[in-house]
>>> print(open('protein14.txt').read())   # compact mmCIF, C-alpha atoms and all ligand atoms
# COMPACT_ATOMS: atom_id res chain seq x y z
CA MET A 1 -22.18 15.81 -11.46
CA PRO A 2 -23.50 14.30 -8.19
CA GLY A 3 -21.17 12.13 -6.23
CA THR A 4 -17.94 13.03 -7.97
CA ALA A 5 -16.71 15.91 -5.78
CA LEU A 6 -16.55 15.48 -2.03
CA ARG A 7 -17.23 18.45 0.21
CA ALA A 8 -15.95 19.12 3.69
CA ARG A 9 -18.34 19.97 6.54
CA ASP A 10 -18.18 23.69 5.77
CA GLY A 11 -18.93 23.13 2.07
CA ARG A 12 -15.37 23.58 0.81
CA ALA A 13 -14.20 21.19 -1.88
CA ALA A 14 -12.38 18.26 -0.25
CA ARG A 15 -9.26 19.28 -2.12
CA GLU A 16 -9.02 22.39 0.07
CA LEU A 17 -8.07 20.12 2.96
CA TRP A 18 -4.77 19.30 1.21
CA ASP A 19 -1.80 21.43 0.13
CA LEU A 20 -1.41 19.63 -3.21
CA ASP A 21 0.11 21.69 -6.02
CA PRO A 22 -2.87 22.89 -8.13
CA GLU A 23 -0.66 22.97 -11.23
CA PHE A 24 -0.74 19.17 -11.28
CA LEU A 25 -3.43 16.54 -11.60
CA HIS A 26 -2.90 14.13 -8.70
CA LEU A 27 -4.12 10.66 -9.69
CA ASN A 28 -1.48 8.60 -7.92
CA HIS A 29 -2.50 8.63 -4.27
CA GLY A 30 -1.75 4.89 -4.16
CA SER A 31 2.03 5.29 -4.29
CA PHE A 32 2.85 7.74 -1.50
CA GLY A 33 -0.49 9.05 -0.21
CA ALA A 34 -1.00 12.74 0.58
CA VAL A 35 -1.36 14.30 4.02
CA PRO A 36 -4.16 16.79 4.81
CA ARG A 37 -3.05 20.21 6.06
CA ALA A 38 -4.74 19.76 9.46
CA VAL A 39 -2.88 16.50 10.02
CA LEU A 40 0.44 18.14 9.18
CA ALA A 41 -0.45 20.79 11.77
CA VAL A 42 -1.02 18.10 14.40
CA GLN A 43 2.33 16.54 13.52
CA ALA A 44 3.98 19.99 13.62
CA GLN A 45 2.70 20.46 17.18
CA TYR A 46 4.31 17.15 18.21
CA ARG A 47 7.51 18.20 16.41
CA ARG A 48 7.49 21.45 18.36
CA ASP A 49 7.18 19.48 21.59
CA MET A 50 10.12 17.38 20.48
CA GLU A 51 12.25 20.34 19.41
CA THR A 52 11.54 22.62 22.34
CA ASN A 53 12.75 19.99 24.79
CA PRO A 54 14.35 16.99 23.07
CA VAL A 55 15.46 15.42 26.35
CA ARG A 56 11.95 15.49 27.78
CA TRP A 57 10.49 14.18 24.50
CA PHE A 58 12.84 11.24 24.14
CA SER A 59 12.95 10.44 27.87
CA THR A 60 9.18 10.03 27.98
CA LEU A 61 8.59 8.69 24.46
CA ALA A 62 8.21 5.05 25.50
CA GLU A 63 5.63 6.09 28.10
CA HIS A 64 3.49 7.72 25.42
CA LEU A 65 3.73 5.15 22.65
CA PRO A 66 1.41 2.55 24.26
CA GLY A 67 -1.32 5.22 24.10
CA VAL A 68 -0.54 5.85 20.42
CA ARG A 69 -0.73 2.13 19.69
CA SER A 70 -3.94 1.78 21.63
CA ASP A 71 -5.60 4.67 19.72
CA LEU A 72 -4.68 3.06 16.41
CA ALA A 73 -5.68 -0.42 17.57
CA ASP A 74 -9.15 0.97 18.42
CA ARG A 75 -9.53 2.43 14.95
CA LEU A 76 -8.32 -0.80 13.33
CA ALA A 77 -10.44 -3.00 15.65
CA VAL A 78 -7.53 -5.07 16.95
CA ARG A 79 -6.08 -5.60 20.42
CA PRO A 80 -3.39 -3.07 21.37
CA SER A 81 -1.25 -5.97 22.57
CA ASP A 82 -1.12 -7.31 18.97
CA LEU A 83 -0.16 -4.08 17.22
CA VAL A 84 3.20 -2.35 16.85
CA MET A 85 4.29 0.69 14.89
CA VAL A 86 6.90 0.46 12.12
CA ALA A 87 8.25 3.03 9.66
CA ASN A 88 6.64 1.49 6.59
CA ALA A 89 5.24 -1.74 5.19
CA SER A 90 8.68 -2.78 3.92
CA ALA A 91 10.05 -2.54 7.46
CA GLY A 92 7.11 -4.62 8.72
CA ALA A 93 7.96 -7.41 6.27
CA SER A 94 11.63 -7.23 7.28
CA VAL A 95 10.66 -7.65 10.95
CA LEU A 96 9.10 -11.02 10.16
CA TYR A 97 11.90 -12.03 7.79
CA ARG A 98 14.57 -11.28 10.44
CA HIS A 99 12.68 -13.39 12.94
CA LEU A 100 12.37 -16.35 10.57
CA ALA A 101 16.04 -16.05 9.56
CA GLN A 102 17.04 -16.72 13.15
CA ARG A 103 15.13 -19.99 13.39
CA PRO A 104 17.12 -23.14 12.73
CA GLY A 105 16.87 -24.63 9.25
CA PRO A 106 16.07 -23.43 5.76
CA VAL A 107 13.05 -21.25 5.07
CA HIS A 108 11.11 -22.16 1.95
CA VAL A 109 9.06 -19.22 0.78
CA ALA A 110 6.21 -18.78 -1.69
CA VAL A 111 5.36 -15.39 -3.18
CA THR A 112 3.15 -14.50 -6.14
CA ASP A 113 4.31 -12.70 -9.25
CA HIS A 114 2.02 -9.79 -8.26
CA GLY A 115 4.01 -9.18 -5.05
CA TYR A 116 5.60 -5.81 -4.29
CA GLY A 117 9.23 -5.82 -5.48
CA ALA A 118 10.84 -4.76 -2.21
CA VAL A 119 8.82 -7.23 -0.14
CA SER A 120 9.46 -10.10 -2.56
CA MET A 121 13.18 -9.27 -2.72
CA GLY A 122 13.28 -9.43 1.08
CA ALA A 123 11.63 -12.85 0.92
CA GLU A 124 14.25 -14.01 -1.60
CA ARG A 125 17.05 -12.80 0.68
CA LEU A 126 15.52 -14.68 3.60
CA ALA A 127 15.45 -17.86 1.51
CA ARG A 128 19.02 -17.32 0.30
CA GLU A 129 20.42 -16.63 3.77
CA THR A 130 18.80 -19.72 5.26
CA ALA A 131 19.67 -21.96 2.29
CA GLY A 132 15.96 -22.33 1.61
CA SER A 133 14.08 -21.49 -1.56
CA CYS A 134 11.82 -18.74 -2.83
CA ARG A 135 9.28 -19.76 -5.46
CA GLU A 136 7.08 -17.38 -7.36
CA ILE A 137 3.54 -18.59 -8.03
CA PRO A 138 2.39 -17.20 -11.38
CA VAL A 139 -1.15 -15.83 -11.19
CA PRO A 140 -2.94 -14.69 -14.37
CA LEU A 141 -4.08 -11.07 -14.14
CA VAL A 142 -7.71 -12.07 -14.70
CA ALA A 143 -7.75 -14.93 -12.16
CA ARG A 144 -10.87 -14.95 -9.99
CA ASP A 145 -10.53 -15.70 -6.27
CA ASP A 146 -11.27 -19.42 -6.63
CA GLU A 147 -8.65 -19.75 -9.37
CA VAL A 148 -6.08 -17.98 -7.17
CA LEU A 149 -6.88 -20.39 -4.33
CA ASP A 150 -6.59 -23.31 -6.70
CA LEU A 151 -3.13 -22.18 -7.82
CA LEU A 152 -2.05 -21.72 -4.21
CA ALA A 153 -3.43 -25.11 -3.21
CA ARG A 154 -1.52 -26.79 -6.03
CA HIS A 155 1.69 -25.01 -5.05
CA LEU A 156 1.32 -25.85 -1.38
CA ALA A 157 0.58 -29.49 -2.16
CA THR A 158 3.74 -29.88 -4.23
CA HIS A 159 6.31 -27.59 -2.58
CA ARG A 160 7.28 -27.41 1.04
CA THR A 161 6.32 -23.90 2.15
CA ASP A 162 7.35 -22.39 5.48
CA LEU A 163 6.25 -18.86 4.62
CA LEU A 164 3.58 -17.58 2.24
CA VAL A 165 3.77 -13.88 1.39
CA ILE A 166 0.56 -12.67 -0.22
CA ASP A 167 -0.83 -9.23 -0.99
CA GLN A 168 -4.23 -8.13 0.21
CA VAL A 169 -4.11 -5.51 -2.55
CA THR A 170 -1.44 -5.70 -5.22
CA SER A 171 0.57 -2.70 -6.30
CA ALA A 172 1.39 -3.58 -9.91
CA THR A 173 -2.04 -4.95 -10.76
CA ALA A 174 -4.39 -3.03 -8.42
CA ARG A 175 -6.26 -6.19 -7.53
CA ARG A 176 -7.28 -8.03 -4.40
CA PHE A 177 -6.35 -11.55 -3.40
CA PRO A 178 -8.51 -13.83 -1.22
CA VAL A 179 -6.18 -13.48 1.74
CA VAL A 180 -8.46 -14.90 4.44
CA GLU A 181 -8.96 -18.18 2.59
CA ALA A 182 -5.32 -18.19 1.43
CA SER A 183 -4.15 -17.87 5.03
CA ARG A 184 -6.34 -20.80 6.13
CA LEU A 185 -5.10 -22.90 3.24
CA ALA A 186 -1.44 -22.15 3.97
CA HIS A 187 -1.97 -22.98 7.64
CA GLU A 188 -3.25 -26.43 6.64
CA HIS A 189 0.21 -26.94 5.10
CA GLY A 190 2.05 -25.60 8.14
CA ALA A 191 3.17 -22.32 6.57
CA VAL A 192 3.44 -18.99 8.34
CA VAL A 193 1.48 -16.30 6.45
CA LEU A 194 2.47 -12.70 5.90
CA VAL A 195 -0.34 -10.62 4.41
CA ASP A 196 0.90 -7.42 2.81
CA GLY A 197 -1.94 -4.97 3.36
CA ALA A 198 0.07 -1.86 2.46
CA HIS A 199 -2.89 -0.29 0.61
CA ALA A 200 -5.70 -1.52 2.84
CA PRO A 201 -5.97 0.94 5.79
CA GLY A 202 -8.55 3.60 4.98
CA ALA A 203 -9.43 1.99 1.66
CA LEU A 204 -11.13 -1.07 3.20
CA ALA A 205 -13.62 -0.69 6.05
CA ASP A 206 -12.07 -3.55 8.06
CA PRO A 207 -8.53 -3.86 6.72
CA VAL A 208 -6.76 -6.13 9.21
CA VAL A 209 -6.59 -9.80 8.20
CA ARG A 210 -6.83 -11.68 11.48
CA GLU A 211 -6.24 -15.08 9.84
CA ALA A 212 -2.69 -14.04 8.83
CA ASP A 213 0.14 -14.71 11.26
CA VAL A 214 1.38 -11.21 10.52
CA TRP A 215 -0.46 -8.43 8.70
CA ILE A 216 1.23 -5.18 7.70
CA GLY A 217 -0.49 -1.97 6.60
CA ASN A 218 0.61 1.53 5.66
CA LEU A 219 -1.14 4.43 7.33
CA HIS A 220 0.65 6.83 4.95
CA LYS A 221 -1.34 5.72 1.89
CA PHE A 222 -5.18 5.79 1.87
CA TRP A 223 -5.41 6.50 5.64
CA CYS A 224 -3.60 9.81 4.87
CA ALA A 225 -1.25 9.83 7.89
CA PRO A 226 2.18 11.45 7.63
CA ARG A 227 4.87 9.38 5.93
CA GLY A 228 6.73 6.93 8.13
CA SER A 229 3.63 5.47 9.80
CA ALA A 230 2.73 1.85 9.33
CA VAL A 231 1.45 -0.90 11.57
CA LEU A 232 2.25 -4.55 12.02
CA VAL A 233 -0.40 -6.77 13.60
CA ARG A 234 0.82 -10.05 15.03
CA ASN A 235 -1.95 -12.61 15.30
CA ASN A 236 0.35 -15.54 16.10
CA PRO A 237 1.89 -15.10 19.57
CA ASP A 238 4.48 -17.81 18.84
CA LEU A 239 6.31 -15.29 16.64
CA ASP A 240 8.64 -13.47 19.01
CA LEU A 241 9.16 -10.43 16.81
CA HIS A 242 11.77 -7.74 17.44
CA PRO A 243 12.10 -4.27 15.91
CA LEU A 244 14.68 -3.95 13.14
CA VAL A 245 16.73 -1.51 15.23
CA ASP A 246 18.21 -2.86 18.45
CA SER A 247 17.47 -0.58 21.34
CA TRP A 248 17.03 -0.23 25.09
CA GLY A 249 13.75 -2.11 24.67
CA GLY A 250 15.62 -5.25 23.67
CA GLN A 251 14.82 -7.13 26.86
CA LEU A 252 11.16 -6.18 26.98
CA ALA A 253 8.35 -8.37 25.69
CA PHE A 254 6.34 -7.83 22.50
CA PRO A 255 4.83 -5.26 21.87
CA ASP A 256 6.58 -2.95 24.37
CA ARG A 257 10.01 -3.54 22.85
CA PHE A 258 8.78 -1.77 19.68
CA ASP A 259 8.23 1.43 21.69
CA HIS A 260 12.02 1.90 21.81
CA GLN A 261 13.51 2.62 18.37
CA GLY A 262 16.66 4.58 19.09
CA THR A 263 16.65 8.30 18.31
CA ALA A 264 14.16 8.76 15.51
CA ASP A 265 11.41 11.20 14.58
CA VAL A 266 8.23 9.22 15.15
CA THR A 267 5.91 12.23 15.23
CA ALA A 268 4.10 10.68 12.24
CA TRP A 269 2.91 7.90 14.55
CA PHE A 270 1.47 10.45 16.96
CA ALA A 271 -0.50 12.14 14.17
CA ALA A 272 -1.80 8.93 12.57
CA ALA A 273 -5.00 8.63 14.64
CA ALA A 274 -5.69 12.33 13.99
CA ALA A 275 -5.55 11.64 10.24
CA PHE A 276 -8.29 9.05 10.56
CA ASP A 277 -10.44 11.25 12.81
CA HIS A 278 -9.98 14.36 10.68
CA LEU A 279 -11.19 12.63 7.53
CA GLU A 280 -14.04 10.95 9.40
CA GLN A 281 -15.20 14.32 10.74
CA GLU A 282 -14.71 16.34 7.56
CA LEU A 283 -15.77 13.83 4.91
CA GLY A 284 -16.72 10.49 6.51
CA TRP A 285 -14.87 7.29 5.64
CA ASP A 286 -17.92 5.50 4.23
CA ARG A 287 -18.51 8.43 1.91
CA ILE A 288 -14.80 8.54 0.97
CA ARG A 289 -14.94 4.88 -0.04
CA GLU A 290 -18.19 5.37 -1.94
CA HIS A 291 -16.70 8.37 -3.73
CA ALA A 292 -13.66 6.32 -4.75
CA GLY A 293 -15.94 3.76 -6.40
CA GLU A 294 -17.86 6.47 -8.26
CA VAL A 295 -14.75 8.25 -9.49
CA MET A 296 -13.16 5.02 -10.67
CA GLN A 297 -16.35 4.10 -12.52
CA LEU A 298 -16.04 7.41 -14.32
CA ALA A 299 -12.37 6.69 -14.98
CA GLU A 300 -13.26 3.36 -16.57
CA GLU A 301 -15.66 5.12 -18.91
CA GLU A 302 -13.71 8.26 -19.83
CA ILE A 303 -10.09 7.13 -19.67
CA GLY A 304 -11.19 3.84 -21.24
CA ALA A 305 -12.82 5.73 -24.14
CA ALA A 306 -9.72 7.91 -24.63
CA LEU A 307 -7.49 4.82 -24.73
CA SER A 308 -9.85 3.12 -27.19
CA ALA A 309 -9.57 6.19 -29.39
CA ALA A 310 -5.77 5.77 -29.15
CA GLY A 311 -6.15 2.24 -30.49
CA VAL A 312 -6.09 0.22 -27.27
CA GLU A 313 -8.28 -2.88 -27.33
CA ASP A 314 -9.92 -3.70 -23.98
CA PRO A 315 -8.37 -0.64 -22.30
CA VAL A 316 -9.77 -1.36 -18.84
CA ALA A 317 -7.76 -4.34 -17.63
CA ASP A 318 -9.78 -7.19 -16.14
CA VAL A 319 -7.96 -7.78 -12.85
CA GLY A 320 -10.16 -10.57 -11.52
CA HIS A 321 -11.03 -8.89 -8.22
CA PRO A 322 -10.74 -5.10 -8.43
CA PHE A 323 -9.80 -2.80 -5.55
CA ALA A 324 -12.28 0.10 -5.32
CA PRO A 325 -9.89 3.10 -5.30
CA MET A 326 -7.51 2.00 -8.08
CA ARG A 327 -7.97 1.09 -11.74
CA LEU A 328 -5.60 -0.45 -14.24
CA PHE A 329 -5.61 0.50 -17.93
CA ARG A 330 -3.64 -1.02 -20.78
CA LEU A 331 -0.96 1.22 -22.28
CA PRO A 332 -1.21 2.27 -25.93
CA GLY A 333 1.20 0.66 -28.39
CA ASP A 334 2.41 -2.89 -28.81
CA ARG A 335 5.59 -2.83 -26.78
CA VAL A 336 6.70 -5.59 -24.46
CA TRP A 337 7.32 -3.81 -21.16
CA ASP A 338 9.52 -4.52 -18.18
CA HIS A 339 9.45 -2.87 -14.77
CA ASP A 340 12.21 -0.35 -15.48
CA ALA A 341 10.84 0.71 -18.86
CA VAL A 342 7.34 1.26 -17.56
CA ASP A 343 8.54 3.03 -14.42
CA ALA A 344 10.58 5.35 -16.63
CA LEU A 345 7.31 6.82 -17.95
CA ARG A 346 6.31 8.34 -14.62
CA VAL A 347 8.41 11.50 -14.50
CA PRO A 348 8.48 12.32 -18.25
CA PHE A 349 4.69 11.85 -18.37
CA MET A 350 4.25 14.16 -15.37
CA ASN A 351 6.55 16.76 -16.93
CA ALA A 352 4.84 16.59 -20.31
CA THR A 353 1.23 16.64 -19.11
CA ALA A 354 1.16 17.83 -15.46
CA CYS A 355 -0.84 14.62 -14.90
CA ILE A 356 0.45 12.27 -12.21
CA ALA A 357 -0.25 8.55 -12.40
CA ALA A 358 1.55 5.26 -11.79
CA PHE A 359 2.86 2.92 -14.49
CA THR A 360 3.18 -0.77 -13.79
CA GLU A 361 3.93 -4.03 -15.52
CA LEU A 362 2.95 -7.71 -15.37
CA HIS A 363 4.02 -10.50 -17.75
CA GLY A 364 5.35 -7.95 -20.26
CA ASP A 365 2.12 -5.93 -20.38
CA GLY A 366 2.36 -2.27 -19.38
CA PHE A 367 -0.38 -0.48 -17.44
CA LEU A 368 -1.46 2.98 -16.39
CA ARG A 369 -2.65 2.84 -12.77
CA VAL A 370 -4.98 5.57 -11.59
CA SER A 371 -6.00 6.09 -7.94
CA ALA A 372 -8.98 7.86 -6.41
CA ALA A 373 -8.52 9.96 -3.28
CA PRO A 374 -11.05 12.14 -1.45
CA TYR A 375 -9.76 15.14 -3.42
CA THR A 376 -10.24 13.50 -6.84
CA THR A 377 -12.98 15.07 -8.97
CA ALA A 378 -14.83 14.31 -12.20
CA GLU A 379 -12.86 17.16 -13.78
CA ASP A 380 -9.58 15.42 -12.93
CA ILE A 381 -10.73 12.30 -14.74
CA ALA A 382 -11.92 14.32 -17.74
CA GLU A 383 -8.56 16.12 -17.90
CA MET A 384 -6.61 12.88 -17.78
CA ALA A 385 -8.80 11.48 -20.57
CA SER A 386 -8.66 14.52 -22.84
CA HIS A 387 -5.11 15.72 -22.21
CA GLY A 388 -3.08 12.97 -20.53
CA ILE A 389 -4.02 10.01 -22.69
CA PRO A 390 -3.26 11.49 -26.14
CA THR A 391 0.21 12.54 -24.90
CA LEU A 392 0.71 9.12 -23.34
CA ALA A 393 -0.17 7.48 -26.65
CA ASP A 394 2.43 9.66 -28.32
CA MET A 395 5.06 8.77 -25.69
CA THR A 396 4.50 5.02 -25.77
CA GLY A 397 4.76 5.06 -29.55
CA ARG A 398 8.40 6.22 -29.50
CA PRO A 399 11.62 5.00 -27.80
CA LEU A 400 11.87 5.89 -24.10
CA GLU A 401 14.63 7.67 -22.28
CA ARG A 402 15.21 5.72 -19.11
CA THR A 403 15.43 7.71 -15.87
CA ALA A 404 16.60 6.61 -12.45
CA SER A 405 13.60 6.22 -10.16
C1 LIG B 1 1.73 -3.91 -1.91
C2 LIG B 1 2.80 -3.03 -1.31
N1 LIG B 1 3.60 -3.53 -0.35
C3 LIG B 1 4.55 -2.79 0.21
C4 LIG B 1 4.76 -1.49 -0.16
C5 LIG B 1 5.89 -0.75 0.46
O1 LIG B 1 5.44 0.34 1.18
P1 LIG B 1 6.53 1.28 1.86
O2 LIG B 1 7.31 1.91 0.75
O3 LIG B 1 5.72 2.25 2.65
O4 LIG B 1 7.39 0.41 2.69
C6 LIG B 1 3.97 -0.92 -1.15
C7 LIG B 1 4.20 0.46 -1.58
O5 LIG B 1 3.60 0.98 -2.47
C8 LIG B 1 2.97 -1.71 -1.74
O6 LIG B 1 2.19 -1.22 -2.71
>>> encode(input="protein14.txt", output="structure tokens")
Amino acid sequence: MPGTALRARDGRAARELWDLDPEFLHLNHGSFGAVPRAVLAVQAQYRRDMETNPVRWFSTLAEHLPGVRSDLADRLAVRPSDLVMVANASAGASVLYRHLAQRPGPVHVAVTDHGYGAVSMGAERLARETAGSCREIPVPLVARDDEVLDLLARHLATHRTDLLVIDQVTSATARRFPVVEASRLAHEHGAVVLVDGAHAPGALADPVVREADVWIGNLHKFWCAPRGSAVLVRNNPDLDLHPLVDSWGGQLAFPDRFDHQGTADVTAWFAAAAAFDHLEQELGWDRIREHAGEVMQLAEEEIGAALSAAGVEDPVADVGHPFAPMRLFRLPGDRVWDHDAVDALRVPFMNATACIAAFTELHGDGFLRVSAAPYTTAEDIAEMASHGIPTLADMTGRPLERTAS
């Protein structure tokens, strides 16, 4: 089928660029990404440099990191002086929260009910520690962009808001929010805006939201860099941000102070630009994004049909503003789900079917979330539809054993 299997420059299937276990069907790139073999080799070379002479590596690390930041800033089309490296998107959010916690007075925060749990919990802690408030703005799954903006406008008009935390792409609902307009709106009300762009790098052609005061993005998801590589872009120079870990860079200015992080393995940061270049050379990012759209169209049709056959009405969830490489499907059965119950499906489903997907929840509805990566093929989708879905229907029709996740 044209368009549903990507090929590398030498004609190999894209999947050959990764070391993924062929015994499993990998349809959950959105959670933890997957790192191509060539990128792991680049990281391994940096690790060798570190391990063959740790004193040289760590003594010169801060000299090399501005170059790393500058390479990534080029690829993200931002100024190197605005970009710092962090371990992950959660850490990026915490950097802003710690800064705001040190300002005098309470911090009143607004989040949406589609926000990522860890990031929203951090926002709640910030509010608690400053004797402020954290309010959740409920957003219907199907809300279109103008409806989302309307809900935000109403909230901002009626509740003092010092910080708005909003997702560029949501995790639980695989949808996009109008973050540029939301940032402008929040600024009219004097709020600082954190845009959580964890999923955006690699998946969107121009991921950085320059209207946000702070934008965070994971390079270890769709960008396919090694785990532990994420960026924070500060667009508002009034925010004097510090790294979470105090270090010898403490007296330096932003962004240089982030180049000192104590003794830590940051080889992932060094390999992050290589991840982008490798996939550009082997597959091409425009083609990767086009492929994701094609594969998810197929998923809507085939997985949707399999779920319909399992009795699910409207199996492809209307998420208002879809995100090209992820799709959300309604789970079979008539259960009311919560986060823990739905999350508890992940490992038993993988063990029972060798199919890997994410399971999410909003407002008591449970969803199967499927992601497209460059290595995803039409056969993967067909296998999920013919094999994964009938087993899933069987599993969601009986009581679940909860597992720690
Ligand atoms: C929207 C969103 N924000 C933040 C994160 C946290 O990313 P990390 O675990 O890399 O900190 C995720 C992870 O999936 C996410 O989906």
>>> atom_distance(input="protein14.txt", atom1="CA of Thr130 (chain A)", atom2="CA of Ala253 (chain A)")
25.6 Å
>>> residues_around(input="protein14.txt", residues="region 293-310 of chain A", least_positions_apart="3", cutoff="6 Å", atoms="only C-alpha atoms", output="list in words")
Thr4, Glu290, Pro315, Val316, Ala324, Ile381 and Ala385 of chain A
>>> residues_near_ligand(input="protein14.txt", ligand="ligand LIG 1 (chain B)", cutoff="7 Å", atoms="only C-alpha atoms and all ligand atoms", output="ChimeraX atom specification")
/A:30-32,88-91,115-116,118-119,167,169-171,196-199,218
>>> closest_residue(input="protein14.txt", among="A:Val35, A:Leu345, A:Val109, A:Leu283", to="Arg12 (chain A)", atoms="only C-alpha atoms")
A:Leu283
>>> closest_residue(input="protein14.txt", among="A:Phe349, A:Phe270, A:Tyr97, A:Phe359", to="Leu25 (chain A)", atoms="all atoms listed in the file")
A:Phe349
>>> atom_distance(input="protein14.txt", atom1="CA of Ile216 (chain A)", atom2="CA of Val233 (chain A)")
6.3 Å
